[in-house]
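K.L.:
Sending over a structure as structure tokens; questions will come in a sec.
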Amino acid sequence: MDQLPLITDPLFYLVAIPAVISIGIAKAGVGGTGGLATPLMALVVSVPQAAAVLLPIICVADIFAIWAFRKTWDTKNLKIMIPGATIGVVVGTLTFKYLDPAAIKLIIGGIAVAFASLRFLDYVRKKEPGPPTKPAIIKGGFWTAMCGFTSFVAHSGAPPLNVYMIPQRLDKTLYMGTLAIFYTYVNYAKIGPYWWLGQFDITNLSTSLVLLPVVPVGILVGLWIHRKVDDQLFYRLIITLLFLTGLKLCYDGISGLI
């Protein structure tokens, strides 16, 4: 019997395995690390192919995340976030074939760097943060629509989502549980459109299957981190990862445009 067609380049797997581990860590430990996965894999394959290979893996990781944070989520936020993300996914579906991936990366990266930099400056100046923000329909709807759109295009929904979520300073477990439900909805909502757009060819799906066993490794590492890190350090880690991801996206975007 013929073997299934796979991506066989060893360099691809050298990059893809850490990318998949980062997804597991994002789902169970520190939300935001998953945004590193597509930029990493885009070093060796195109952004659309990286997104197509990663989506089945992300959907499996979402199941682990829901199990890990079962019954721990913020319903008020989800009532705002899910409709907003739905709009973003629909816009992403309708515009996917016309988008410049480099320009999208630059926009996402710019948002991430600007937001993380402002937070870092507040820390350096020892500026006391204001009271935590509350769920807000307009603000939440806008940023989660952006999240749905950027997640659809490049699985990089964390930068716009965290502009909305971080100022609320939720308990870290409540934050992760809310993200588990939200991203599961968003990622499963992308399956039909990805299929319709022809992203799920046999090579991409076979490669996803080969990488699936790496997911539990990332989940276990993520759960260990989640147990060991206190809330304050947790959010500092997220902001740092957001900044680094933003820099990488900006670099890729500028390089692609040039």
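In the structure tokens, the first chain shown is A, the next is B, and so on; residue numbers restart at 1 for each chain, and ligands run from 1 in the order shown.
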Can you list every residue in stretch 27-243 of chain A that DSSP puts in alpha helix (DSSP H), as a PyMOL selection string?

P.N.:
chain A and resi 27-28+37-41+47-68+75-95+101-124+137-154+158-165+172-189+191-196+202-211+215-228+231-243

K.L.:
Using only C-alpha atoms, which residues sit within 10 Å of stretch 245-254 of chain A once same-chain residues fewer than 2 positions away are excluded, as a PyMOL selection string?

P.N.:
chain A and resi 32-40+42-43+100-116+156+158-159+239-243+256-258

K.L.:
Show which residues sit within 12 Å of A:Asn204, as a list in words. Count only C-alpha atoms, and ignore same-chain residues fewer than 3 positions away.

P.N.:
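Contacts, with the query itself left out: Leu4, Pro5, Leu6, Ile7, Thr8, Val45, Ser46, Pro48, Gln49, Ala50, Ala51, Ala52, Val53, Leu54, Leu55, Pro56, Ile57, Tyr194, Trp195, Gly198, Gln199, Phe200, Asp201, Thr207, Ser208, Leu209, Val210 and Leu211 of chain A.
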
K.L.:
Excluding A:Pro167 and residues on its chain fewer than 3 positions from it, collect all residues at most 8 Å away from it, counting only C-alpha atoms, and give them as a list of chain:residue names.

P.N.:
A:Pro132, A:Thr133, A:Val163, A:Tyr164

K.L.:
Based on the selection just made, write C-alpha atoms of those residues as a JSON list (two decimals), in the first residue's frame.

P.N.:
[["chain", "number", "residue", "atom", "x", "y", "z"],
["A", 132, "PRO", "CA", -9.70, 45.85, 36.70],
["A", 133, "THR", "CA", -11.97, 46.51, 33.74],
["A", 163, "VAL", "CA", -5.97, 43.83, 24.50],
["A", 164, "TYR", "CA", -9.47, 43.11, 25.80]]

K.L.:
With distances taken over only C-alpha atoms, which of A:Leu78, A:Ala16, A:Ala26, A:Ala61 is nearest to A:Val215?

P.N.:
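For A:Val215, the nearest of the given residues is A:Ala61.
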
K.L.:
Taking into account only C-alpha atoms, which residue in the set A:Gly92, A:Leu121, A:Asn162, A:Asn77 is nearest to A:Ala136?

P.N.:
A:Asn77

K.L.:
Rounded to one decimal place, report the atom CA of A:Ile225-atom CA of A:Ala65 distance in Å.

P.N.:
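The value is 14.0 Å.
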
K.L.:
Could you name the residues that touch A:Gly222 at 8 Å or less, counting only C-alpha atoms, but leaving out those on the same chain fewer than 4 positions away, as a list in words?

P.N.:
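Those residues are Gly24, Ile25, Ala26, Lys27, Ala28, Gly29, Val30, Gly218 and His226 of chain A.
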
K.L.:
Would you write out those residues with C-alpha atoms, as a short mmCIF file (atom, residue, chain, number, x, y, z; two decimals), in the first residue's frame?

P.N.:
data_model
loop_
_atom_site.label_atom_id
_atom_site.label_comp_id
_atom_site.auth_asym_id
_atom_site.auth_seq_id
_atom_site.Cartn_x
_atom_site.Cartn_y
_atom_site.Cartn_z
CA GLY A 24 -0.18 22.73 24.17
CA ILE A 25 1.43 25.16 26.61
CA ALA A 26 -0.96 27.90 25.43
CA LYS A 27 -4.00 25.69 25.97
CA ALA A 28 -3.07 24.48 29.46
CA GLY A 29 -0.54 26.88 30.94
CA VAL A 30 0.11 30.35 29.57
CA GLY A 218 2.79 20.64 25.48
CA HIS A 226 0.06 26.91 35.45
#
